[in-house]
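Pasting structure.txt here (compact mmCIF, C-alpha atoms):
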# COMPACT_ATOMS: atom_id res chain seq x y z
CA MET A 340 0.00 0.00 0.00
CA LEU A 341 1.25 3.47 -0.87
CA SER A 342 2.62 5.19 2.23
CA LYS A 343 1.67 8.67 3.28
CA ARG A 344 4.82 10.76 3.03
CA ILE A 345 6.34 12.96 5.70
CA ILE A 346 8.42 15.74 4.18
CA ALA A 347 10.78 17.93 6.19
CA CYS A 348 11.26 21.51 5.10
CA LEU A 349 14.57 23.29 5.55
CA ASP A 350 14.26 27.06 5.27
CA VAL A 351 17.70 28.16 4.17
CA ARG A 352 19.26 31.59 4.15
CA ASP A 353 22.90 32.12 3.17
CA GLY A 354 23.60 28.42 3.50
CA GLN A 355 22.10 28.09 6.99
CA VAL A 356 18.79 26.69 8.20
CA VAL A 357 17.04 29.62 9.82
CA LYS A 358 13.80 28.43 11.39
CA GLY A 359 14.37 27.91 15.12
CA VAL A 360 16.34 24.72 14.96
CA ASN A 361 17.47 23.28 18.27
CA PHE A 362 17.96 19.57 18.04
CA GLU A 363 19.46 18.08 21.12
CA GLY A 364 22.99 16.94 20.48
CA LEU A 365 23.25 18.68 17.15
CA ARG A 366 25.80 21.39 17.77
CA ASN A 367 25.87 23.04 14.42
CA ALA A 368 22.10 23.07 14.15
CA GLY A 369 22.03 25.56 11.33
CA GLU A 370 24.00 23.41 8.93
CA PRO A 371 21.57 21.97 6.35
CA ALA A 372 23.53 18.79 5.56
CA ALA A 373 23.79 17.88 9.25
CA LEU A 374 20.08 18.44 9.73
CA ALA A 375 19.27 16.45 6.59
CA ARG A 376 21.39 13.58 7.87
CA ARG A 377 19.54 13.63 11.17
CA TYR A 378 16.12 13.63 9.49
CA ASN A 379 17.22 10.83 7.18
CA SER A 380 18.34 8.64 10.06
CA GLU A 381 14.93 9.19 11.67
CA GLY A 382 13.17 8.00 8.53
CA ILE A 383 12.10 11.15 6.73
CA ASP A 384 10.60 10.31 3.32
CA GLU A 385 11.66 13.39 1.44
CA LEU A 386 13.31 16.77 1.94
CA ILE A 387 12.59 20.20 0.56
CA ILE A 388 15.05 23.05 0.72
CA LEU A 389 13.33 26.43 0.59
CA ASP A 390 15.58 29.33 -0.30
CA ILE A 391 14.27 32.34 1.58
CA THR A 392 16.80 34.79 0.22
CA ALA A 393 16.94 36.34 -3.19
CA THR A 394 20.38 37.82 -3.73
CA LEU A 395 22.70 36.44 -6.37
CA GLU A 396 25.36 35.55 -3.78
CA ALA A 397 22.77 33.61 -1.80
CA ARG A 398 21.79 31.74 -4.97
CA ARG A 399 25.34 30.46 -5.38
CA ALA A 400 25.35 29.46 -1.73
CA LEU A 401 22.09 27.60 -2.39
CA ALA A 402 23.71 25.45 -5.08
CA ASP A 403 26.45 24.54 -2.60
CA THR A 404 23.81 23.67 -0.01
CA ILE A 405 21.93 21.46 -2.48
CA ARG A 406 25.16 19.70 -3.44
CA ALA A 407 26.10 19.14 0.21
CA VAL A 408 22.69 17.66 1.06
CA ALA A 409 22.40 15.60 -2.13
CA ARG A 410 25.88 14.13 -1.77
CA GLU A 411 24.96 11.76 1.01
CA LEU A 412 21.19 11.41 0.79
CA PHE A 413 19.44 8.89 -1.42
CA ILE A 414 15.86 10.04 -0.97
CA PRO A 415 13.94 12.60 -3.05
CA LEU A 416 15.13 16.18 -2.68
CA ALA A 417 13.10 19.19 -3.78
CA VAL A 418 14.21 22.80 -4.01
CA GLY A 419 11.99 25.87 -4.00
CA GLY A 420 11.77 29.46 -2.98
CA GLY A 421 14.08 30.96 -5.53
CA VAL A 422 13.08 29.19 -8.72
CA ARG A 423 11.95 31.92 -11.07
CA SER A 424 13.20 30.75 -14.45
CA GLU A 425 14.34 27.74 -16.44
CA ALA A 426 17.92 28.73 -15.61
CA ASP A 427 17.17 28.67 -11.85
CA ALA A 428 15.60 25.23 -12.22
CA GLU A 429 18.57 24.00 -14.21
CA ALA A 430 20.99 25.22 -11.53
CA ALA A 431 19.00 23.38 -8.83
CA VAL A 432 18.73 20.15 -10.83
CA ASP A 433 22.39 20.23 -11.81
CA ALA A 434 23.31 20.62 -8.14
CA GLY A 435 21.32 17.47 -7.31
CA ALA A 436 17.67 18.44 -6.83
CA ASP A 437 15.14 15.86 -8.03
CA LYS A 438 12.24 18.29 -8.05
CA VAL A 439 11.79 22.04 -8.21
CA SER A 440 8.93 23.89 -6.60
CA LEU A 441 7.41 26.87 -8.42
CA ASN A 442 5.17 29.40 -6.74
CA THR A 443 5.11 33.07 -7.76
CA ALA A 444 6.94 32.31 -11.01
CA ALA A 445 4.25 29.81 -12.03
CA LEU A 446 1.48 32.36 -11.41
CA ALA A 447 3.33 35.02 -13.38
CA ASN A 448 4.34 32.68 -16.17
CA PRO A 449 2.31 29.42 -16.22
CA GLU A 450 4.21 28.34 -19.34
CA LEU A 451 7.21 27.71 -17.11
CA ILE A 452 5.40 24.67 -15.65
CA THR A 453 5.14 23.12 -19.11
CA THR A 454 8.67 24.08 -20.08
CA LEU A 455 10.12 22.35 -17.03
CA ALA A 456 7.77 19.35 -17.25
CA THR A 457 8.81 18.81 -20.86
CA ARG A 458 12.49 19.12 -20.03
CA TYR A 459 12.69 17.15 -16.75
CA GLY A 460 9.37 15.25 -16.59
CA SER A 461 6.28 16.07 -14.57
CA GLN A 462 7.65 14.20 -11.56
CA ALA A 463 10.25 16.96 -11.24
CA VAL A 464 7.77 19.86 -11.09
CA ILE A 465 5.92 20.85 -7.93
CA VAL A 466 3.55 23.79 -8.06
CA ALA A 467 3.34 25.44 -4.65
CA ILE A 468 0.10 27.23 -3.85
CA ASP A 469 -0.27 29.61 -0.89
CA ALA A 470 -3.95 30.13 -0.16
CA LYS A 471 -6.21 31.65 2.46
CA ARG A 472 -9.93 31.47 3.09
CA GLU A 473 -11.97 34.36 1.77
CA GLY A 474 -15.67 33.69 2.21
CA ASP A 475 -16.32 30.24 0.79
CA ARG A 476 -13.37 30.22 -1.57
CA PHE A 477 -9.65 29.66 -1.21
CA ALA A 478 -7.81 32.71 -2.51
CA VAL A 479 -4.33 32.23 -3.96
CA TYR A 480 -1.55 34.63 -2.96
CA ALA A 481 1.81 35.24 -4.59
CA ARG A 482 5.06 36.71 -3.27
CA SER A 483 5.09 34.87 0.05
CA GLY A 484 1.45 35.64 0.78
CA LYS A 485 1.75 39.36 0.08
CA ALA A 486 0.03 39.74 -3.27
CA ALA A 487 -3.46 38.54 -4.16
CA ALA A 488 -3.33 36.48 -7.34
CA ASN A 489 -7.09 36.72 -7.95
CA ARG A 490 -7.32 32.98 -8.40
CA ASP A 491 -9.06 30.17 -6.61
CA ALA A 492 -6.79 27.41 -5.29
CA VAL A 493 -8.92 24.58 -6.71
CA ASP A 494 -8.96 26.12 -10.20
CA TRP A 495 -5.26 26.95 -10.10
CA ALA A 496 -4.36 23.42 -8.98
CA ARG A 497 -6.38 21.97 -11.87
CA GLU A 498 -4.67 24.30 -14.32
CA ALA A 499 -1.23 23.48 -12.91
CA GLU A 500 -1.94 19.75 -13.36
CA ALA A 501 -3.13 20.32 -16.94
CA ARG A 502 0.05 22.28 -17.66
CA GLY A 503 2.24 19.41 -16.50
CA ALA A 504 2.78 19.78 -12.74
CA GLY A 505 3.54 16.48 -11.01
CA GLU A 506 2.58 17.48 -7.47
CA ILE A 507 0.81 20.30 -5.64
CA LEU A 508 2.23 21.77 -2.43
CA LEU A 509 -0.66 23.56 -0.74
CA THR A 510 0.08 25.90 2.17
CA SER A 511 -2.64 27.43 4.31
CA ILE A 512 -1.66 31.03 4.98
CA ASP A 513 -4.26 31.16 7.77
CA ARG A 514 -2.70 28.22 9.59
CA ASP A 515 0.98 28.70 8.80
CA GLY A 516 2.97 29.02 12.01
CA THR A 517 -0.10 28.70 14.26
CA LYS A 518 0.33 25.02 15.22
CA ALA A 519 -3.49 24.88 15.15
CA GLY A 520 -3.61 22.00 12.66
CA PHE A 521 -3.79 21.81 8.87
CA ASP A 522 -6.73 23.35 7.03
CA CYS A 523 -8.24 19.94 6.25
CA PRO A 524 -11.34 21.10 4.32
CA MET A 525 -9.19 23.21 1.99
CA THR A 526 -6.68 20.39 1.56
CA ALA A 527 -9.47 17.90 0.79
CA ALA A 528 -11.06 20.26 -1.73
CA VAL A 529 -7.85 20.69 -3.70
CA SER A 530 -6.69 17.07 -3.35
CA SER A 531 -10.02 15.76 -4.66
CA ALA A 532 -9.89 18.09 -7.64
CA VAL A 533 -6.63 16.72 -9.05
CA SER A 534 -5.18 13.29 -9.74
CA ILE A 535 -1.61 14.30 -8.89
CA PRO A 536 -0.39 14.04 -5.27
CA LEU A 537 -1.19 16.80 -2.81
CA ILE A 538 1.35 17.84 -0.18
CA ALA A 539 -0.29 19.65 2.74
CA SER A 540 1.53 22.40 4.60
CA GLY A 541 0.84 24.97 7.27
CA GLY A 542 -0.40 24.47 10.81
CA ALA A 543 1.22 21.23 11.98
CA GLY A 544 1.39 21.37 15.76
CA GLY A 545 0.74 17.86 17.03
CA LEU A 546 0.73 14.23 16.00
CA ASP A 547 -3.04 14.12 15.51
CA HIS A 548 -2.89 16.99 13.06
CA PHE A 549 -1.00 14.71 10.67
CA ALA A 550 -3.50 11.89 11.15
CA ASP A 551 -6.31 14.35 10.37
CA VAL A 552 -4.75 15.73 7.21
CA PHE A 553 -4.15 12.22 5.83
CA THR A 554 -7.74 11.13 6.50
CA VAL A 555 -10.15 14.09 6.56
CA GLY A 556 -7.77 16.24 4.50
CA ARG A 557 -7.11 13.51 1.87
CA ALA A 558 -3.49 14.61 1.61
CA ASP A 559 -0.90 12.31 0.06
CA ALA A 560 1.99 13.89 1.92
CA ALA A 561 2.48 16.39 4.71
CA LEU A 562 5.22 18.91 5.14
CA ALA A 563 6.50 20.38 8.37
CA ALA A 564 9.48 22.33 9.60
CA SER A 565 9.29 23.54 13.17
CA ILE A 566 7.38 20.58 14.64
CA PHE A 567 10.39 18.32 14.16
CA HIS A 568 12.51 20.68 16.20
CA PHE A 569 10.81 19.53 19.39
CA ALA A 570 12.73 16.57 20.68
CA GLU A 571 9.51 14.71 21.57
CA THR A 572 8.24 14.92 18.00
CA SER A 573 10.83 13.08 16.02
CA VAL A 574 9.96 11.85 12.55
CA ARG A 575 9.98 8.31 13.91
CA ALA A 576 7.61 9.11 16.78
CA LEU A 577 5.24 10.76 14.31
CA LYS A 578 5.30 7.75 12.00
CA GLU A 579 4.75 5.31 14.86
CA HIS A 580 1.73 7.36 15.89
CA LEU A 581 0.36 7.33 12.34
CA ARG A 582 0.82 3.57 12.11
CA ARG A 583 -1.18 3.15 15.32
CA CYS A 584 -3.90 5.19 13.58
CA ASN A 585 -3.83 2.68 10.69
CA ILE A 586 -2.30 5.19 8.32
CA PRO A 587 0.28 3.55 6.04
CA VAL A 588 3.78 4.92 6.59
CA ARG A 589 7.35 3.84 5.87
CA LEU A 590 9.02 2.78 9.10
CA MET B 954 32.97 0.45 -16.12
CA ILE B 955 29.19 0.65 -16.19
CA ALA B 956 27.60 2.41 -19.14
CA LEU B 957 24.82 4.76 -18.09
CA ILE B 958 22.80 5.30 -21.24
CA ASP B 959 21.58 8.88 -21.67
CA TYR B 960 18.63 9.19 -24.04
CA HIS B 961 17.50 12.52 -22.57
CA ALA B 962 14.67 11.07 -20.47
CA GLY B 963 15.35 12.80 -17.21
CA ASN B 964 18.42 13.75 -15.29
CA LEU B 965 21.20 11.22 -14.73
CA THR B 966 22.87 13.02 -11.82
CA SER B 967 21.15 11.06 -9.05
CA VAL B 968 21.71 7.66 -10.64
CA LYS B 969 25.37 8.44 -11.27
CA LYS B 970 25.83 9.67 -7.71
CA ALA B 971 24.25 6.53 -6.22
CA LEU B 972 26.38 4.25 -8.41
CA VAL B 973 29.54 6.06 -7.35
CA ALA B 974 28.41 5.74 -3.71
CA VAL B 975 28.33 1.94 -4.05
CA GLY B 976 31.79 1.91 -5.60
CA ALA B 977 31.02 1.68 -9.31
CA GLN B 978 32.87 3.39 -12.12
CA VAL B 979 30.42 4.98 -14.52
CA PHE B 980 30.59 6.50 -17.99
CA VAL B 981 27.98 7.90 -20.33
CA PRO B 982 28.51 6.42 -23.81
CA ALA B 983 28.36 9.00 -26.60
CA ALA B 984 27.55 6.43 -29.29
CA PRO B 985 26.34 2.80 -29.43
CA GLU B 986 29.87 1.66 -30.40
CA ASP B 987 31.12 2.85 -26.98
CA LEU B 988 29.18 0.04 -25.33
CA SER B 989 32.03 -2.30 -26.26
CA ASP B 990 33.99 -0.67 -23.39
CA ALA B 991 31.26 -1.44 -20.84
CA ALA B 992 31.15 -4.30 -18.33
CA ALA B 993 27.44 -3.68 -17.86
CA MET B 994 24.69 -1.26 -18.92
CA ILE B 995 22.00 0.74 -17.19
CA VAL B 996 19.04 2.24 -19.02
CA PRO B 997 17.55 4.79 -16.60
CA GLY B 998 14.82 7.25 -17.49
CA VAL B 999 11.62 8.80 -16.33
CA GLY B 1000 8.69 10.27 -18.19
CA HIS B 1001 6.78 9.35 -21.33
CA PHE B 1002 7.49 6.11 -23.23
CA HIS B 1003 7.80 8.22 -26.36
CA ALA B 1004 11.21 9.35 -25.07
CA THR B 1005 12.53 5.83 -25.77
CA ARG B 1006 12.36 6.58 -29.49
CA ALA B 1007 15.84 8.04 -28.92
CA LEU B 1008 16.96 4.45 -28.31
CA ASP B 1009 16.92 3.87 -32.06
CA ALA B 1010 17.83 0.74 -33.98
CA ARG B 1011 21.57 1.30 -33.54
CA TRP B 1012 21.34 1.68 -29.77
CA ARG B 1013 18.89 -1.18 -29.52
CA ASP B 1014 21.07 -3.53 -31.55
CA ALA B 1015 24.18 -2.55 -29.60
CA ILE B 1016 22.44 -3.10 -26.26
CA LEU B 1017 20.99 -6.45 -27.35
CA ALA B 1018 24.38 -7.55 -28.70
CA SER B 1019 26.02 -6.63 -25.39
CA VAL B 1020 23.49 -8.67 -23.42
CA GLN B 1021 24.10 -11.53 -25.86
CA ALA B 1022 27.81 -11.19 -25.09
CA GLY B 1023 27.11 -11.65 -21.39
CA ARG B 1024 27.02 -8.06 -20.12
CA PRO B 1025 24.33 -7.45 -17.47
CA LEU B 1026 21.61 -4.88 -18.16
CA LEU B 1027 19.50 -2.97 -15.65
CA GLY B 1028 16.45 -0.92 -16.63
CA ILE B 1029 15.20 1.69 -14.17
CA CYS B 1030 11.61 3.02 -14.27
CA LEU B 1031 11.00 3.99 -17.92
CA GLY B 1032 14.16 2.03 -18.74
CA MET B 1033 12.58 -1.09 -17.23
CA GLN B 1034 9.42 -0.58 -19.29
CA TRP B 1035 11.59 -0.36 -22.41
CA LEU B 1036 12.87 -3.91 -21.71
CA TYR B 1037 9.40 -5.23 -22.67
CA GLU B 1038 7.90 -5.63 -26.12
CA SER B 1039 5.84 -2.44 -26.01
CA SER B 1040 3.85 0.01 -23.92
CA GLU B 1041 0.31 1.24 -24.42
CA GLU B 1042 1.65 4.73 -23.66
CA SER B 1043 3.24 4.82 -27.15
CA PRO B 1044 1.86 1.84 -29.07
CA GLU B 1045 3.73 2.81 -32.26
CA LEU B 1046 7.13 2.19 -30.63
CA ARG B 1047 8.62 -1.14 -29.76
CA GLY B 1048 10.70 -1.89 -26.76
CA ALA B 1049 13.82 -4.01 -26.52
CA GLY B 1050 11.74 -7.19 -26.34
CA LEU B 1051 14.09 -8.81 -23.83
CA LEU B 1052 11.11 -9.52 -21.57
CA PRO B 1053 7.75 -10.75 -22.86
CA GLY B 1054 4.73 -8.54 -22.24
CA ARG B 1055 3.32 -5.08 -22.70
CA CYS B 1056 3.31 -2.22 -20.20
CA VAL B 1057 -0.08 -0.75 -19.39
CA ARG B 1058 -1.48 2.25 -17.54
CA LEU B 1059 -2.18 1.74 -13.84
CA ARG B 1060 -5.92 1.47 -13.33
CA PRO B 1061 -6.96 1.93 -9.72
CA MET B 1062 -10.28 0.23 -9.15
CA PRO B 1063 -13.31 2.52 -8.78
CA GLU B 1064 -13.98 1.52 -5.19
CA ALA B 1065 -10.47 2.66 -4.31
CA ALA B 1066 -11.26 6.19 -5.40
CA MET B 1067 -8.58 7.72 -3.20
CA LEU B 1068 -5.82 6.05 -5.22
CA LYS B 1069 -4.17 8.47 -7.59
CA VAL B 1070 -2.31 8.02 -10.86
CA PRO B 1071 0.55 8.83 -11.17
CA HIS B 1072 1.67 6.51 -8.39
CA VAL B 1073 4.10 8.69 -6.44
CA GLY B 1074 5.80 7.83 -3.17
CA TRP B 1075 7.05 4.96 -1.05
CA ASN B 1076 5.34 1.62 -1.47
CA SER B 1077 6.20 -1.90 -0.40
CA LEU B 1078 7.73 -4.80 -2.29
CA SER B 1079 6.21 -8.27 -2.00
CA LEU B 1080 8.90 -10.76 -2.90
CA ARG B 1081 7.73 -13.49 -5.27
CA ARG B 1082 11.00 -15.28 -5.95
CA THR B 1083 14.26 -15.50 -4.03
CA ASP B 1084 16.30 -17.47 -6.57
CA GLY B 1085 17.76 -14.45 -8.35
CA TRP B 1086 20.54 -11.94 -7.86
CA ILE B 1087 19.10 -8.44 -8.29
CA ALA B 1088 16.98 -8.52 -5.11
CA ASP B 1089 19.58 -10.31 -3.02
CA GLY B 1090 19.48 -9.07 0.58
CA VAL B 1091 16.25 -7.12 0.07
CA PRO B 1092 13.79 -8.00 2.87
CA ASP B 1093 10.16 -8.73 2.04
CA GLU B 1094 7.92 -5.66 2.54
CA SER B 1095 10.80 -3.22 2.01
CA GLN B 1096 9.64 0.21 0.91
CA VAL B 1097 10.99 1.93 -2.18
CA TYR B 1098 10.26 5.20 -4.02
CA PHE B 1099 8.07 5.14 -7.14
CA THR B 1100 6.94 7.79 -9.59
CA HIS B 1101 5.13 6.45 -12.67
CA SER B 1102 1.77 5.98 -14.38
CA TYR B 1103 2.50 2.89 -16.48
CA ALA B 1104 3.82 -0.46 -15.31
CA ALA B 1105 4.80 -3.93 -16.45
CA PRO B 1106 2.54 -6.97 -16.02
CA VAL B 1107 3.16 -9.62 -13.39
CA THR B 1108 4.79 -12.51 -15.25
CA GLY B 1109 7.20 -15.27 -14.31
CA ASP B 1110 10.04 -12.73 -14.52
CA ALA B 1111 8.69 -10.81 -11.50
CA MET B 1112 10.96 -11.14 -8.46
CA ALA B 1113 8.82 -8.67 -6.51
CA ILE B 1114 5.44 -7.08 -7.06
CA THR B 1115 3.85 -3.93 -5.71
CA VAL B 1116 0.14 -3.17 -5.43
CA HIS B 1117 -1.40 0.17 -6.34
CA GLY B 1118 -5.02 -0.71 -6.96
CA GLU B 1119 -3.73 -3.71 -8.89
CA PRO B 1120 -0.43 -5.59 -8.72
CA PHE B 1121 2.40 -4.80 -11.12
CA ALA B 1122 5.99 -6.00 -11.55
CA ALA B 1123 8.31 -3.97 -9.31
CA ILE B 1124 11.52 -5.99 -9.71
CA VAL B 1125 12.09 -8.29 -12.67
CA GLU B 1126 14.92 -10.54 -13.71
CA ARG B 1127 15.60 -12.87 -16.63
CA GLY B 1128 19.13 -14.17 -16.87
CA ILE B 1129 21.44 -11.16 -16.80
CA THR B 1130 18.68 -8.69 -17.62
CA ALA B 1131 17.00 -6.97 -14.67
CA GLY B 1132 14.58 -4.13 -14.16
CA VAL B 1133 13.16 -2.05 -11.32
CA GLN B 1134 10.04 0.10 -11.65
CA PHE B 1135 11.03 2.28 -8.68
CA HIS B 1136 14.06 4.55 -8.33
CA PRO B 1137 16.87 2.74 -6.49
CA GLU B 1138 18.86 5.98 -6.45
CA LYS B 1139 16.06 7.56 -4.37
CA SER B 1140 15.08 4.57 -2.23
CA GLY B 1141 17.53 4.87 0.64
CA GLU B 1142 19.54 1.86 1.77
CA ILE B 1143 17.31 -0.70 -0.03
CA GLY B 1144 17.90 1.06 -3.33
CA LEU B 1145 21.65 1.13 -2.78
CA GLN B 1146 21.56 -2.62 -2.00
CA ILE B 1147 19.97 -3.28 -5.40
CA LEU B 1148 22.59 -1.16 -7.15
CA ARG B 1149 25.29 -3.03 -5.22
CA ASN B 1150 23.84 -6.33 -6.45
CA PHE B 1151 23.99 -5.08 -10.00
CA VAL B 1152 27.53 -3.76 -9.69
CA ARG B 1153 28.65 -7.08 -8.17
CA ARG B 1154 27.04 -8.99 -11.04
CA ALA B 1155 28.83 -6.71 -13.51
CA ALA B 1156 32.25 -7.34 -11.99
For this file, write the structure as structure tokens.
Amino acid sequence: MLSKRIIACLDVRDGQVVKGVNFEGLRNAGEPAALARRYNSEGIDELIILDITATLEARRALADTIRAVARELFIPLAVGGGVRSEADAEAAVDAGADKVSLNTAALANPELITTLATRYGSQAVIVAIDAKREGDRFAVYARSGKAAANRDAVDWAREAEARGAGEILLTSIDRDGTKAGFDCPMTAAVSSAVSIPLIASGGAGGLDHFADVFTVGRADAALAASIFHFAETSVRALKEHLRRCNIPVRL
Amino acid sequence: MIALIDYHAGNLTSVKKALVAVGAQVFVPAAPEDLSDAAAMIVPGVGHFHATRALDARWRDAILASVQAGRPLLGICLGMQWLYESSEESPELRGAGLLPGRCVRLRPMPEAAMLKVPHVGWNSLSLRRTDGWIADGVPDESQVYFTHSYAAPVTGDAMAITVHGEPFAAIVERGITAGVQFHPEKSGEIGLQILRNFVRRAA
């Protein structure tokens, strides 16, 4: 049976992981390769490196980070945050990324989805959608949640699939950072509208939140960053909990 | 030296990296004639079966001749599908024909409406045979990473099957020809074990 995936997100700035990382016994906590190694040994299914800087110097540092992480890991690795063009995607793939995640660039230039899907295959193209509830619809935002895209998340996900996207990474702006749980109704609405996998993001705060998003939320994968920084919520502990809930996981 | 055949169906970086990690020496042949320098061959690939048209008659003949000469062959994902006679994804093309059968689209049953195609993620292997070499040391129920929409039928060549709505061949082997539907270069330690088995067979 296909396992539900747990994906760890590394927010990287200037070659360092920046979101409050304080693993016990991990001295250089900000070093992405060390963190990736730790997650891998705990059984993470996939990693995503999100570049949260935009300068040219930082971009070169990003390629070094990707190379360092990819060198020793043999699980899927995605890169997002700074992918604005075919050249950016090429740099990430050449450094060892298996997938690139497009967000603002895909909204501004949907053709980029098709260009990259044709060149690298749909499995290499994630379209990331940041959305928040507005009335009874799910409004898409670009530029890290700052700019309304005047699109509905369900429609945009369908279009992204039609244009060649291989996966959708859906982040709830309302829930992001709240630890109040994933927005399961929104996740279910988008997941049911497409046949490609849906990765849920935003709001993970406890083990049951993951169980909910895989059942009620119909997500195929769930992404989290800060929750894994608590020593009591290791990737393994999360997966053992999910297995007890009869949710298929890789242990 | 293991020949990693590049027919522009996806990126070879990960496969190359994983092979180097298990101690193999790898080269990418520029022309079919270069296969004469290879101890073994890998046909990787991901994407649409139509991409295999780049494996034209010259490549095909060179690969088949090398297998005939005793050099092991491993097909990965799309490369495994190419080992068969054909695929319904591109009915006008023919595969290598080293394995009998035709690849078909995964069809999750209606009652399993939550199953999606493409089949993406970690799924388990059910071992069917233990008399071969490619799955040596791979425990039953091991999980490996898949990303595909088409798959090979379960025939006598299947060493392991995986179920996504219906069963399909996940690891196959016939003599010195082997194939894996998943990505060993992205399947953690189990994937590396399979690559090690291939490299050992090639030595």
Practice task
Name the residues in contact with segment 1150-1154 of chain B at a cut-off of 7 Å, using all atoms listed in the file, excluding same-chain residues fewer than 3 positions from it; report them as JSON, numbers by chain.
Solution key: {"B": [977, 1086, 1087, 1089, 1146, 1147]}
Handout entry: Selected residue, from B:Ser1019, B:Val996, B:Ala1007, B:Val1070, that lies nearest to Ile535 of chain A when counting only C-alpha atoms
Key =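 Among the listed residues, the smallest separation from Ile535 of chain A belongs to B:Val1070.
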Exercise for the section: Kindly extract all protein, DNA and RNA residues lying within 10 Å of the coordinates (25.9, 20.8, -2.4) given in the file, considering all atoms listed in the file, and supply them as number ranges by chain. Expected result: A: 354, 371-372, 400-411, 431, 434-436
Using only C-alpha atoms, please write the residues we just selected to a file, as a PDB file, keeping the file's coordinate frame.
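Written out: result.pdb:
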ATOM      1  CA  GLY A 354      23.600  28.420   3.500  1.00  0.00           C
ATOM      2  CA  PRO A 371      21.570  21.970   6.350  1.00  0.00           C
ATOM      3  CA  ALA A 372      23.530  18.790   5.560  1.00  0.00           C
ATOM      4  CA  ALA A 400      25.350  29.460  -1.730  1.00  0.00           C
ATOM      5  CA  LEU A 401      22.090  27.600  -2.390  1.00  0.00           C
ATOM      6  CA  ALA A 402      23.710  25.450  -5.080  1.00  0.00           C
ATOM      7  CA  ASP A 403      26.450  24.540  -2.600  1.00  0.00           C
ATOM      8  CA  THR A 404      23.810  23.670  -0.010  1.00  0.00           C
ATOM      9  CA  ILE A 405      21.930  21.460  -2.480  1.00  0.00           C
ATOM     10  CA  ARG A 406      25.160  19.700  -3.440  1.00  0.00           C
ATOM     11  CA  ALA A 407      26.100  19.140   0.210  1.00  0.00           C
ATOM     12  CA  VAL A 408      22.690  17.660   1.060  1.00  0.00           C
ATOM     13  CA  ALA A 409      22.400  15.600  -2.130  1.00  0.00           C
ATOM     14  CA  ARG A 410      25.880  14.130  -1.770  1.00  0.00           C
ATOM     15  CA  GLU A 411      24.960  11.760   1.010  1.00  0.00           C
ATOM     16  CA  ALA A 431      19.000  23.380  -8.830  1.00  0.00           C
ATOM     17  CA  ALA A 434      23.310  20.620  -8.140  1.00  0.00           C
ATOM     18  CA  GLY A 435      21.320  17.470  -7.310  1.00  0.00           C
ATOM     19  CA  ALA A 436      17.670  18.440  -6.830  1.00  0.00           C
TER      20      ALA A 436
END
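The gap separating atom CA of Ser530 of chain A from atom CA of Gly545 of chain A is 21.7 Å, in Å to one decimal.
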Completion exercise
As a check of understanding: the span from atom CA of Gln1096 of chain B to atom CA of Ala1113 of chain B is 11.6 Å
Practice task
Find the spatial neighbours of segment 509-516 of chain A, counting all atoms listed in the file, within a cut-off of 12 Å - ignore same-chain residues fewer than 4 positions away - and output them as a PyMOL selection string.
Solution key: chain A and resi 358-359+440-442+465-473+477-481+483-485+487+492-493+495-496+520-530+536-544+548+552+556+558-566
Handout entry: Distance criterion (only C-alpha atoms): nearest to chain A out of B:Val1097, B:Ala1122, B:Met994, B:Val1107
Key =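 Among the listed residues, the smallest separation from chain A belongs to B:Val1097.
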Exercise for the section: Please identify every residue of chain A that has at least one atom no more than 6 Å from any atom of chain B, counting all atoms listed in the file, and report them as a list in words. Expected result: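 The complete set of qualifying residues is Met340, Leu341, Ser342, Phe413, Ile414, Pro415, Tyr459, Gly460 and Ser534 of chain A.
Nearest-residue note for Thr1083 of chain B: choosing from B:Leu1059, B:Ile1124, B:Ala1022, B:Leu1046, the minimum distance belongs to B:Ile1124, counting all atoms listed in the file.
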